[in-house]
Structures are given as C-alpha cells and as structure tokens.
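As provided, model.cif (mmCIF, C-alpha atoms and all ligand atoms) reads as follows.
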```cif
data_input
#
loop_
_atom_site.group_PDB
_atom_site.id
_atom_site.type_symbol
_atom_site.label_atom_id
_atom_site.label_comp_id
_atom_site.auth_asym_id
_atom_site.auth_seq_id
_atom_site.Cartn_x
_atom_site.Cartn_y
_atom_site.Cartn_z
ATOM 1 C CA MET Y 277 -18.411 6.347 16.818
ATOM 2 C CA THR Y 278 -15.705 8.723 15.553
ATOM 3 C CA PHE Y 279 -12.847 7.669 13.290
ATOM 4 C CA ILE Y 280 -10.337 7.746 16.145
ATOM 5 C CA GLU Y 281 -12.636 5.732 18.436
ATOM 6 C CA LYS Y 282 -13.197 3.169 15.688
ATOM 7 C CA LEU Y 283 -9.474 2.940 14.933
ATOM 8 C CA SER Y 284 -8.586 2.533 18.629
ATOM 9 C CA ALA Y 285 -11.181 -0.230 18.993
ATOM 10 C CA ALA Y 286 -9.855 -1.917 15.825
ATOM 11 C CA TRP Y 287 -6.269 -1.839 17.134
ATOM 12 C CA GLU Y 288 -7.507 -3.439 20.357
ATOM 13 C CA LYS Y 289 -9.733 -6.071 18.744
ATOM 14 C CA SER Y 290 -7.378 -7.141 15.949
ATOM 15 C CA ASN Y 291 -4.093 -6.765 17.856
ATOM 16 C CA SER Y 292 -2.796 -5.563 14.491
ATOM 17 C CA LEU Y 293 -1.328 -2.373 13.051
ATOM 18 C CA LEU Y 294 -1.633 -3.667 9.494
ATOM 19 C CA CYS Y 295 -3.737 -1.730 7.000
ATOM 20 C CA VAL Y 296 -4.417 -3.633 3.785
ATOM 21 C CA GLY Y 297 -4.483 -1.321 0.790
ATOM 22 C CA LEU Y 298 -7.069 -2.044 -1.908
ATOM 23 C CA ASP Y 299 -5.311 -1.026 -5.140
ATOM 24 C CA PRO Y 300 -7.092 -3.247 -7.688
ATOM 25 C CA ASP Y 301 -5.089 -3.306 -10.904
ATOM 26 C CA THR Y 302 -7.153 -5.369 -13.367
ATOM 27 C CA LYS Y 303 -4.022 -6.200 -15.391
ATOM 28 C CA ARG Y 304 -2.675 -8.096 -12.389
ATOM 29 C CA PHE Y 305 -5.865 -9.991 -11.599
ATOM 30 C CA PRO Y 306 -5.822 -13.793 -11.526
ATOM 31 C CA GLU Y 307 -6.781 -15.336 -14.831
ATOM 32 C CA TYR Y 308 -10.258 -16.499 -13.825
ATOM 33 C CA LEU Y 309 -11.391 -12.960 -12.906
ATOM 34 C CA ARG Y 310 -10.139 -11.162 -16.015
ATOM 35 C CA GLY Y 311 -12.883 -9.739 -18.192
ATOM 36 C CA GLN Y 312 -15.614 -10.625 -15.688
ATOM 37 C CA PRO Y 313 -18.217 -7.944 -14.938
ATOM 38 C CA ASP Y 314 -17.641 -6.424 -11.502
ATOM 39 C CA SER Y 315 -14.276 -8.189 -11.283
ATOM 40 C CA ILE Y 316 -12.883 -5.318 -9.199
ATOM 41 C CA PHE Y 317 -15.547 -5.848 -6.566
ATOM 42 C CA ALA Y 318 -15.019 -9.622 -6.630
ATOM 43 C CA PHE Y 319 -11.227 -9.269 -6.371
ATOM 44 C CA CYS Y 320 -11.406 -6.855 -3.428
ATOM 45 C CA LYS Y 321 -14.191 -8.777 -1.661
ATOM 46 C CA ASN Y 322 -12.066 -11.944 -1.623
ATOM 47 C CA ILE Y 323 -9.091 -10.009 -0.223
ATOM 48 C CA ILE Y 324 -11.294 -8.350 2.399
ATOM 49 C CA ASP Y 325 -12.851 -11.652 3.487
ATOM 50 C CA SER Y 326 -9.480 -13.347 3.744
ATOM 51 C CA THR Y 327 -7.729 -10.582 5.708
ATOM 52 C CA ALA Y 328 -10.439 -8.888 7.795
ATOM 53 C CA ASP Y 329 -9.371 -10.526 11.061
ATOM 54 C CA LEU Y 330 -5.756 -9.439 10.481
ATOM 55 C CA VAL Y 331 -6.143 -5.694 9.958
ATOM 56 C CA CYS Y 332 -6.835 -2.442 11.781
ATOM 57 C CA ALA Y 333 -8.054 -0.718 8.580
ATOM 58 C CA PHE Y 334 -8.678 -1.078 4.856
ATOM 59 C CA LYS Y 335 -7.453 1.629 2.477
ATOM 60 C CA PRO Y 336 -9.033 1.692 -0.988
ATOM 61 C CA GLN Y 337 -6.976 3.786 -3.424
ATOM 62 C CA ILE Y 338 -9.466 5.807 -5.466
ATOM 63 C CA ALA Y 339 -7.267 6.118 -8.593
ATOM 64 C CA TYR Y 340 -7.632 2.423 -9.452
ATOM 65 C CA PHE Y 341 -11.416 2.699 -9.380
ATOM 66 C CA HIS Y 342 -11.578 5.943 -11.348
ATOM 67 C CA ALA Y 343 -9.191 4.651 -14.013
ATOM 68 C CA ALA Y 344 -11.385 1.602 -14.553
ATOM 69 C CA ARG Y 345 -14.640 3.619 -14.508
ATOM 70 C CA ALA Y 346 -15.518 1.602 -11.425
ATOM 71 C CA GLU Y 347 -16.740 4.146 -8.871
ATOM 72 C CA ASN Y 348 -19.890 2.060 -8.439
ATOM 73 C CA GLN Y 349 -17.718 -0.893 -7.433
ATOM 74 C CA LEU Y 350 -15.896 1.335 -4.932
ATOM 75 C CA GLU Y 351 -19.279 2.261 -3.442
ATOM 76 C CA ASP Y 352 -20.148 -1.426 -3.231
ATOM 77 C CA ILE Y 353 -16.817 -2.276 -1.579
ATOM 78 C CA CYS Y 354 -17.196 0.473 1.024
ATOM 79 C CA SER Y 355 -20.763 -0.741 1.745
ATOM 80 C CA TYR Y 356 -19.585 -4.343 1.879
ATOM 81 C CA ILE Y 357 -16.972 -3.531 4.523
ATOM 82 C CA ARG Y 358 -19.427 -1.476 6.573
ATOM 83 C CA GLU Y 359 -22.082 -4.206 6.480
ATOM 84 C CA ASN Y 360 -19.853 -7.220 7.044
ATOM 85 C CA TYR Y 361 -16.963 -5.787 9.058
ATOM 86 C CA PRO Y 362 -18.474 -2.726 10.767
ATOM 87 C CA ASP Y 363 -15.567 -2.481 13.242
ATOM 88 C CA ILE Y 364 -12.927 -1.908 10.558
ATOM 89 C CA PRO Y 365 -12.293 1.713 9.501
ATOM 90 C CA VAL Y 366 -12.272 2.486 5.778
ATOM 91 C CA ILE Y 367 -9.685 5.067 4.723
ATOM 92 C CA LEU Y 368 -10.253 6.432 1.250
ATOM 93 C CA ASP Y 369 -6.854 7.293 -0.206
ATOM 94 C CA ALA Y 370 -7.696 10.213 -2.503
ATOM 95 C CA LYS Y 371 -5.075 12.836 -1.511
ATOM 96 C CA ARG Y 372 -7.541 15.638 -2.093
ATOM 97 C CA GLY Y 373 -6.643 19.337 -2.007
ATOM 98 C CA ASP Y 374 -8.611 22.174 -3.617
ATOM 99 C CA ILE Y 375 -10.310 25.487 -2.875
ATOM 100 C CA GLY Y 376 -13.019 25.396 -0.213
ATOM 101 C CA ALA Y 377 -16.072 25.275 -2.507
ATOM 102 C CA THR Y 378 -14.644 22.369 -4.491
ATOM 103 C CA ALA Y 379 -13.363 20.678 -1.341
ATOM 104 C CA GLN Y 380 -16.946 20.689 -0.031
ATOM 105 C CA GLN Y 381 -17.975 18.549 -2.995
ATOM 106 C CA TYR Y 382 -15.023 16.203 -2.570
ATOM 107 C CA ALA Y 383 -15.886 15.889 1.139
ATOM 108 C CA ARG Y 384 -19.495 15.014 0.221
ATOM 109 C CA GLU Y 385 -18.206 12.402 -2.173
ATOM 110 C CA VAL Y 386 -15.904 10.719 0.326
ATOM 111 C CA PHE Y 387 -18.110 10.910 3.416
ATOM 112 C CA GLU Y 388 -21.630 10.743 1.932
ATOM 113 C CA ARG Y 389 -21.267 8.810 -1.319
ATOM 114 C CA TYR Y 390 -18.625 6.320 -0.151
ATOM 115 C CA ASN Y 391 -19.307 6.764 3.576
ATOM 116 C CA ALA Y 392 -15.594 6.341 4.329
ATOM 117 C CA ASP Y 393 -14.343 6.850 7.875
ATOM 118 C CA ALA Y 394 -11.341 8.930 6.809
ATOM 119 C CA VAL Y 395 -9.688 10.451 3.766
ATOM 120 C CA THR Y 396 -6.130 11.372 2.822
ATOM 121 C CA LEU Y 397 -5.531 15.068 2.094
ATOM 122 C CA SER Y 398 -2.762 17.192 0.643
ATOM 123 C CA PRO Y 399 -1.880 20.201 2.847
ATOM 124 C CA TYR Y 400 -0.459 22.211 -0.048
ATOM 125 C CA MET Y 401 -3.459 24.552 -0.444
ATOM 126 C CA GLY Y 402 -3.688 25.323 3.259
ATOM 127 C CA PHE Y 403 -6.323 25.288 5.974
ATOM 128 C CA ASP Y 404 -9.345 26.407 3.951
ATOM 129 C CA SER Y 405 -8.784 23.455 1.606
ATOM 130 C CA VAL Y 406 -8.897 21.049 4.569
ATOM 131 C CA GLU Y 407 -11.683 22.720 6.571
ATOM 132 C CA PRO Y 408 -14.652 21.244 4.625
ATOM 133 C CA TYR Y 409 -13.516 17.755 5.628
ATOM 134 C CA LEU Y 410 -13.168 18.793 9.282
ATOM 135 C CA GLU Y 411 -16.812 19.905 9.234
ATOM 136 C CA TYR Y 412 -17.707 16.217 9.158
ATOM 137 C CA THR Y 413 -16.799 16.209 12.812
ATOM 138 C CA GLY Y 414 -16.499 12.461 13.448
ATOM 139 C CA LYS Y 415 -14.626 11.694 10.250
ATOM 140 C CA GLY Y 416 -10.868 11.415 9.886
ATOM 141 C CA ALA Y 417 -8.610 13.788 7.948
ATOM 142 C CA ILE Y 418 -5.227 12.204 7.236
ATOM 143 C CA VAL Y 419 -2.779 14.815 5.989
ATOM 144 C CA LEU Y 420 0.336 14.095 3.901
ATOM 145 C CA ALA Y 421 3.491 15.109 5.799
ATOM 146 C CA ARG Y 422 6.477 13.091 4.530
ATOM 147 C CA THR Y 423 5.368 10.852 1.687
ATOM 148 C CA SER Y 424 7.038 7.532 0.855
ATOM 149 C CA ASN Y 425 8.184 8.435 -2.681
ATOM 150 C CA PRO Y 426 11.702 9.782 -3.386
ATOM 151 C CA GLY Y 427 10.314 12.891 -5.114
ATOM 152 C CA GLY Y 428 8.593 13.919 -1.895
ATOM 153 C CA SER Y 429 11.929 15.452 -0.897
ATOM 154 C CA ASP Y 430 11.601 18.035 -3.704
ATOM 155 C CA LEU Y 431 9.200 20.044 -1.549
ATOM 156 C CA GLN Y 432 8.878 18.342 1.830
ATOM 157 C CA PHE Y 433 12.532 18.912 2.741
ATOM 158 C CA LEU Y 434 12.533 22.604 1.850
ATOM 159 C CA LYS Y 435 13.448 24.677 4.863
ATOM 160 C CA VAL Y 436 10.842 27.007 6.309
ATOM 161 C CA SER Y 437 11.024 29.336 9.235
ATOM 162 C CA GLU Y 438 8.710 28.689 12.183
ATOM 163 C CA SER Y 439 8.861 30.458 15.572
ATOM 164 C CA GLY Y 440 12.421 31.611 14.908
ATOM 165 C CA LYS Y 441 13.598 28.109 13.958
ATOM 166 C CA THR Y 442 14.368 26.676 10.530
ATOM 167 C CA ILE Y 443 12.713 23.315 9.970
ATOM 168 C CA PRO Y 444 11.804 21.163 6.953
ATOM 169 C CA LEU Y 445 8.379 21.734 5.453
ATOM 170 C CA TYR Y 446 7.103 18.272 6.439
ATOM 171 C CA GLN Y 447 7.764 19.117 10.114
ATOM 172 C CA HIS Y 448 5.925 22.412 9.692
ATOM 173 C CA VAL Y 449 2.948 20.430 8.350
ATOM 174 C CA ALA Y 450 3.118 18.159 11.401
ATOM 175 C CA HIS Y 451 3.086 21.209 13.716
ATOM 176 C CA LEU Y 452 0.189 22.799 11.813
ATOM 177 C CA VAL Y 453 -1.954 19.686 11.941
ATOM 178 C CA ALA Y 454 -1.194 18.867 15.583
ATOM 179 C CA GLU Y 455 -1.501 22.403 16.899
ATOM 180 C CA LYS Y 456 -4.040 24.173 14.663
ATOM 181 C CA TRP Y 457 -5.918 22.005 12.185
ATOM 182 C CA ASN Y 458 -6.971 19.166 14.476
ATOM 183 C CA THR Y 459 -10.173 20.969 15.413
ATOM 184 C CA HIS Y 460 -12.188 17.853 16.324
ATOM 185 C CA GLY Y 461 -9.378 15.527 17.300
ATOM 186 C CA GLN Y 462 -9.833 13.351 14.173
ATOM 187 C CA CYS Y 463 -6.642 14.189 12.278
ATOM 188 C CA ALA Y 464 -3.763 11.876 11.458
ATOM 189 C CA LEU Y 465 -0.640 12.223 9.316
ATOM 190 C CA VAL Y 466 0.972 10.268 6.474
ATOM 191 C CA VAL Y 467 4.663 9.466 6.783
ATOM 192 C CA GLY Y 468 6.348 6.886 4.559
ATOM 193 C CA ALA Y 469 7.982 3.729 5.912
ATOM 194 C CA THR Y 470 10.818 4.485 3.505
ATOM 195 C CA PHE Y 471 11.843 7.347 5.844
ATOM 196 C CA PRO Y 472 11.983 6.012 9.428
ATOM 197 C CA HIS Y 473 14.081 8.921 10.663
ATOM 198 C CA GLU Y 474 11.315 11.290 9.561
ATOM 199 C CA ILE Y 475 8.690 9.058 11.197
ATOM 200 C CA ALA Y 476 10.529 9.557 14.511
ATOM 201 C CA GLU Y 477 10.754 13.329 13.959
ATOM 202 C CA VAL Y 478 7.030 13.537 13.238
ATOM 203 C CA ARG Y 479 6.165 11.331 16.214
ATOM 204 C CA SER Y 480 8.105 13.676 18.496
ATOM 205 C CA ILE Y 481 6.034 16.623 17.228
ATOM 206 C CA ILE Y 482 2.525 15.142 17.260
ATOM 207 C CA GLY Y 483 2.318 13.114 20.477
ATOM 208 C CA ASP Y 484 -0.058 10.160 20.129
ATOM 209 C CA MET Y 485 -1.805 11.268 16.933
ATOM 210 C CA PRO Y 486 -2.152 8.270 14.553
ATOM 211 C CA LEU Y 487 0.151 7.836 11.589
ATOM 212 C CA LEU Y 488 -0.781 6.239 8.285
ATOM 213 C CA ILE Y 489 2.454 4.662 7.086
ATOM 214 C CA PRO Y 490 2.621 3.349 3.511
ATOM 215 C CA GLY Y 491 5.873 2.083 2.009
ATOM 216 C CA ILE Y 492 6.506 -1.385 3.417
ATOM 217 C CA GLY Y 493 6.221 -4.332 1.017
ATOM 218 C CA ALA Y 494 6.510 -3.291 -2.633
ATOM 219 C CA GLN Y 495 8.336 -0.034 -1.789
ATOM 220 C CA GLY Y 496 10.861 -1.794 0.444
ATOM 221 C CA GLY Y 497 10.395 0.107 3.723
ATOM 222 C CA ASP Y 498 11.971 -1.472 6.797
ATOM 223 C CA ILE Y 499 9.325 -2.794 9.212
ATOM 224 C CA GLU Y 500 11.544 -2.900 12.316
ATOM 225 C CA ALA Y 501 12.795 0.665 11.818
ATOM 226 C CA THR Y 502 9.264 1.867 11.061
ATOM 227 C CA VAL Y 503 7.735 0.374 14.191
ATOM 228 C CA ASN Y 504 10.575 1.567 16.416
ATOM 229 C CA ALA Y 505 10.209 5.083 15.071
ATOM 230 C CA GLY Y 506 6.433 5.370 14.991
ATOM 231 C CA ARG Y 507 4.885 3.433 17.858
ATOM 232 C CA THR Y 508 3.253 5.199 20.766
ATOM 233 C CA ALA Y 509 3.835 4.249 24.412
ATOM 234 C CA ASN Y 510 1.054 1.643 24.208
ATOM 235 C CA GLY Y 511 2.619 0.001 21.128
ATOM 236 C CA ARG Y 512 -0.002 1.367 18.741
ATOM 237 C CA GLY Y 513 -0.423 4.700 16.951
ATOM 238 C CA MET Y 514 0.172 3.385 13.425
ATOM 239 C CA MET Y 515 -1.763 2.066 10.441
ATOM 240 C CA ILE Y 516 1.033 0.429 8.466
ATOM 241 C CA ASN Y 517 -0.167 -0.049 4.914
ATOM 242 C CA SER Y 518 0.770 -2.721 2.430
ATOM 243 C CA SER Y 519 -1.074 -2.977 -0.894
ATOM 244 C CA ARG Y 520 0.609 -4.758 -3.839
ATOM 245 C CA ALA Y 521 2.753 -7.126 -1.756
ATOM 246 C CA ILE Y 522 -0.433 -8.552 -0.232
ATOM 247 C CA LEU Y 523 -2.929 -8.189 -3.094
ATOM 248 C CA TYR Y 524 -0.778 -9.866 -5.734
ATOM 249 C CA ALA Y 525 1.165 -12.366 -3.612
ATOM 250 C CA GLY Y 526 -0.814 -15.263 -5.094
ATOM 251 C CA ILE Y 527 -2.087 -14.273 -8.500
ATOM 252 C CA ASP Y 528 -0.353 -17.262 -10.095
ATOM 253 C CA GLN Y 529 -2.544 -19.419 -7.832
ATOM 254 C CA ASN Y 530 -5.680 -18.363 -9.753
ATOM 255 C CA GLU Y 531 -8.816 -19.088 -7.613
ATOM 256 C CA ASN Y 532 -6.623 -19.558 -4.516
ATOM 257 C CA TYR Y 533 -5.030 -16.122 -4.761
ATOM 258 C CA ALA Y 534 -6.770 -14.748 -1.679
ATOM 259 C CA SER Y 535 -5.507 -17.514 0.593
ATOM 260 C CA VAL Y 536 -1.944 -16.629 -0.471
ATOM 261 C CA SER Y 537 -2.751 -12.977 0.245
ATOM 262 C CA ARG Y 538 -3.909 -14.067 3.677
ATOM 263 C CA GLN Y 539 -0.574 -15.772 4.325
ATOM 264 C CA ALA Y 540 1.260 -12.622 3.219
ATOM 265 C CA ALA Y 541 -0.911 -10.528 5.531
ATOM 266 C CA ILE Y 542 -0.291 -12.854 8.489
ATOM 267 C CA LYS Y 543 3.457 -12.667 7.880
ATOM 268 C CA THR Y 544 3.365 -8.870 7.674
ATOM 269 C CA ARG Y 545 1.152 -8.467 10.743
ATOM 270 C CA ASP Y 546 3.364 -10.799 12.759
ATOM 271 C CA GLU Y 547 6.545 -9.051 11.700
ATOM 272 C CA ILE Y 548 5.064 -5.708 12.714
ATOM 273 C CA ASN Y 549 3.937 -7.157 16.053
ATOM 274 C CA ARG Y 550 7.400 -8.575 16.745
ATOM 275 C CA PHE Y 551 8.765 -5.032 17.113
ATOM 276 C CA ARG Y 552 5.884 -3.320 18.947
HETATM 277 O O1 LIG P 601 3.258 8.626 0.800
HETATM 278 C C1 LIG P 601 2.439 7.845 0.328
HETATM 279 C C2 LIG P 601 1.069 8.018 0.443
HETATM 280 C C3 LIG P 601 0.239 7.083 -0.063
HETATM 281 N N1 LIG P 601 0.701 5.986 -0.684
HETATM 282 C C4 LIG P 601 -0.290 4.992 -1.177
HETATM 283 O O2 LIG P 601 -0.144 3.795 -0.412
HETATM 284 C C5 LIG P 601 -0.232 2.662 -1.249
HETATM 285 C C6 LIG P 601 1.086 1.932 -1.276
HETATM 286 O O3 LIG P 601 0.999 0.784 -2.087
HETATM 287 P P1 LIG P 601 2.128 -0.381 -2.073
HETATM 288 O O4 LIG P 601 1.674 -1.306 -3.126
HETATM 289 O O5 LIG P 601 2.115 -1.002 -0.706
HETATM 290 O O6 LIG P 601 3.427 0.267 -2.377
HETATM 291 C C7 LIG P 601 -0.678 3.178 -2.620
HETATM 292 O O7 LIG P 601 -2.078 3.188 -2.651
HETATM 293 C C8 LIG P 601 -0.155 4.607 -2.635
HETATM 294 O O8 LIG P 601 -0.957 5.446 -3.449
HETATM 295 C C9 LIG P 601 2.047 5.785 -0.790
HETATM 296 O O9 LIG P 601 2.524 4.778 -1.331
HETATM 297 N N2 LIG P 601 2.888 6.731 -0.278
#
```

Give the structure from the file, written as structure tokens.
Amino acid sequence: MTFIEKLSAAWEKSNSLLCVGLDPDTKRFPEYLRGQPDSIFAFCKNIIDSTADLVCAFKPQIAYFHAARAENQLEDICSYIRENYPDIPVILDAKRGDIGATAQQYAREVFERYNADAVTLSPYMGFDSVEPYLEYTGKGAIVLARTSNPGGSDLQFLKVSESGKTIPLYQHVAHLVAEKWNTHGQCALVVGATFPHEIAEVRSIIGDMPLLIPGIGAQGGDIEATVNAGRTANGRGMMINSSRAILYAGIDQNENYASVSRQAAIKTRDEINRFR
C-alpha cells in the first residue's frame, strides 16, 4: 500500500485528521519514567497506545531521538507502530535536504532503517535533493512550503517571478511540488496552522494533495480557521499535528499521564471534526 493509500484509509477508519507528534523531551517526562533505561520508548509507547484510535498518523520528530542518542528507540517505536497499528502511517519529521548522493543515504535511513511511510523535506536545494526520496515510489515526500514559525517569512515570503507573475516563494514551492516533483503521486506539503490564509492559498494551488499542518496546540494556531482553509471537498486532505499540547498534558499525573494525553487528543480531534 502506498503512503497516500494508507493515509486515505486511515482518514476513513479513524474519522480523524489529527496527527499526534512524538517529540519526547526527557526533561518533561513524568517523574516515574525519568532516568529509566529506554524511557523514550516507554513514554512514546504509552502515548501511542492511548491515542491510536484517535489519529490519522503519528509523526516522530527525529531531533529528540538524536539529541538523546536514542536512534535505537526510534527504530523500536517505528516497528512498534507498524506491528501493532499497521493501518496508521508513520511520518518521520526530519526536514532533510542535501545533495543527491547524501540524500540517497538519508532516504535509506528513513525508509529502510526506520521504515517510515513518509518524510518531511526542505525544498531549498531543489529537485535533485528530493529525487532520491521519490525513488522509493510508494513512500511519501512531504515538502516544507509555509512553515509555522515566524522566521519562515524571512525566505518564504520573498517574491519570485513565475510564468510572468510575481508570487511568494512558498507558493512557487507549492506549484513546483504539485506540477513537477510529484512524480509518483506521493507528495504532500507542510503549511503551518499559524498561517491559515497561506493554507488557503496553497490549497488553491495543489488541488487535493494532502497537507501536513503543524502549529495548533503549543504554537497557538486556530483550529477553525485551519480546517476552513485546508479541507478538501470530502472534508479531509489534512494531517493536523499537535505534539507538546498532547504529550505533556498530564505529566503532573505521573503514571496516569497517557490517559490525560488521551483526553487532550479526543478534545483536539473533536474540535477539528466540528469544522470539517
Ligand atoms: O512548519 C513546521 C514544520 C514542522 N513542525 C514540527 O511540528 C511539531 C510541532 O510541535 P508542537 O509541540 O505541536 O508545537 C514539531 O515536531 C516541529 O518540529 C513545526 O512545528 N512547524
């Protein structure tokens, strides 16, 4: 099954557009897990088990695993999801971008070592930096267009000329991905929930291509405006990510933290669904 087929089936089965982000910050772990071996795996496993029926995807953020020298635990988490929740796509948030030869190695890492269904990519180095990921023909390539952080405007709002028109760079990226880079139909784009106007602009360029939308929850993005701007005609088309607001909702509850995370995920899913 390709990434897009798996995502479509997950939207259908879960009736959810929520993507839970796995950003395990050991400093924020509940007391009982701190200092335990493999605490990152244990923390994420509990979150996964308590939210799996509420999500259309999980998105591990690779930086948290690298910083803690915990790549082996990332491998275990990706395997755990595949074995126990085979219908849920795993998006590895790595924001890769490098020359082709190096990109080949990164693509091996994400698709062979971690066996993720999709990866996030920076478009800054152009098509040959993205191509090695596209060669894994059933896997997803999710390209940054308009990121959720304020500093994204430094570059993404620069005006470029395309077909005689002047448009912001993030729109040019959306055109490139939709019209040229989507060689196997497995591409998607990242647009932040903190910029609903830009979500609508990108949606008008890319048709029904999926959007990965981080920025609700801890970053304060507006769920109603996000859904109104990004949904497709069938009320889908989005993986709306929340990480910290779900992961750490209940850390003061110690062993019960994951049940509080579940409540936070239910609330977020339901709020998203209210506006679909
Ligand atoms: O534009 C972007 C692209 C990726 N991210 C990532 O999403 C999550 C957001 O975490 P929250 O705790 O829900 O704020 C995190 O992994 C980022 O690296 C993003 O925020 N913005």

* Asked: If you count only C-alpha atoms and all ligand atoms, which residues end up within 6 Å of ligand LIG 601 (chain P), as an MDAnalysis selection string?
  -> chainID Y and resid 299 337 423:424 468 490:491 493:495 518:520

* To do: Using the chain letters and numbering of this document, enumerate as a count of residues only the residues selected by the PyMOL selection byres (((chain Y and resi 533) around 12) and not hetatm).
  => 29

* Can you list, as a list in words, every protein, DNA or RNA residue that comes within 8 Å of Ala421 of chain Y when you count only C-alpha atoms, leaving out same-chain residues fewer than 3 positions away? -> Pro399, Gln432, Tyr446, Gln447, Val449, Ala450, Leu465, Val466 and Val467 of chain Y

* Picked residues, the PyMOL selection byres (((chain Y and resi 372) around 8) and not hetatm), expected as a PyMOL selection string -> chain Y and resi 370-371+373-374+379+382+396-398

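One finds atom CA of Ile499 of chain Y at 13.9 Å from atom CA of Ile542 of chain Y.
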
* Asked: Can you tell me how far atom CA of Ile338 of chain Y sits from atom CA of Asp369 of chain Y, in Å to one decimal?
  -> 6.1 Å

* Asked: Which residues fall under the PyMOL selection byres (((chain Y and resi 481) around 9) and not hetatm) in this file, as a list in words?
  -> Gln447, Ala450, His451, Ala454, Ala476, Glu477, Val478, Arg479, Ser480, Ile482 and Gly483 of chain Y

* Calculate how many Å separate atom CA of Glu347 of chain Y from atom CA of Glu388 of chain Y, rounding to one decimal. => 13.6 Å

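Using only C-alpha atoms, the shortest contact distance between Ile316 of chain Y and any of Y:Ala328, Y:Arg389, Y:His342, Y:Ala333 is found at Y:His342.
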
* May I have the residues within 12 Å of Ile364 of chain Y as number ranges by chain, using all atoms listed in the file and disregarding those fewer than 6 positions away in the same chain? => Y: 277, 279-290, 292-296, 324, 327-335, 354-358, 392-394, 515

* Would you kindly return, as number ranges by chain, each protein, DNA or RNA residue with an atom no farther than 9 Å from any atom of Trp457 of chain Y, considering only C-alpha atoms and excluding same-chain residues fewer than 3 positions away? => Y: 403, 406-407, 410, 452-454, 460-461, 463

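For the residues Y:Asp325, Y:Asp404, Y:Gly511, Y:Gly297, ranking by smallest atom-to-atom distance to Leu488 of chain Y using all atoms listed in the file places Y:Gly297 first.
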
* 8 Å contact set for Ile492 of chain Y, only C-alpha atoms, chain neighbours under 6 positions out, as a PyMOL selection string -> chain Y and resi 469-470+498-499+516-518

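Of the residues listed (Y:Thr502, Y:Ile548, Y:Thr302, Y:His448), Y:Thr302 shows the shortest atom-to-atom separation from Ala343 of chain Y; distances use all atoms listed in the file.
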
* **Nearest to Thr459 of chain Y, chosen from Y:Lys303, Y:Lys415, Y:His473, Y:Lys441, with all atoms listed in the file counted in the distances** => Y:Lys415

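Of the listed residues (Y:Leu487, Y:Val395, Y:Ile353, Y:Val366), Y:Leu487 comes nearest to Glu474 of chain Y; the distances count all atoms listed in the file.
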
Output, as AutoDock Vina command-line options, the centre and edge lengths in Å (one decimal) of the axis-aligned box that contains all listed atoms of segment 400-419 of chain Y with 5 Å of margin on each side.
```
--center_x -9.1 --center_y 18.9 --center_z 6.5 --size_x 27.2 --size_y 25.0 --size_z 23.9
```

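Between Pro444 of chain Y and the candidates Y:Asp484, Y:Asp430, Y:Glu547, Y:Asp314, the tightest atom-to-atom separation, counting only C-alpha atoms, involves Y:Asp430.
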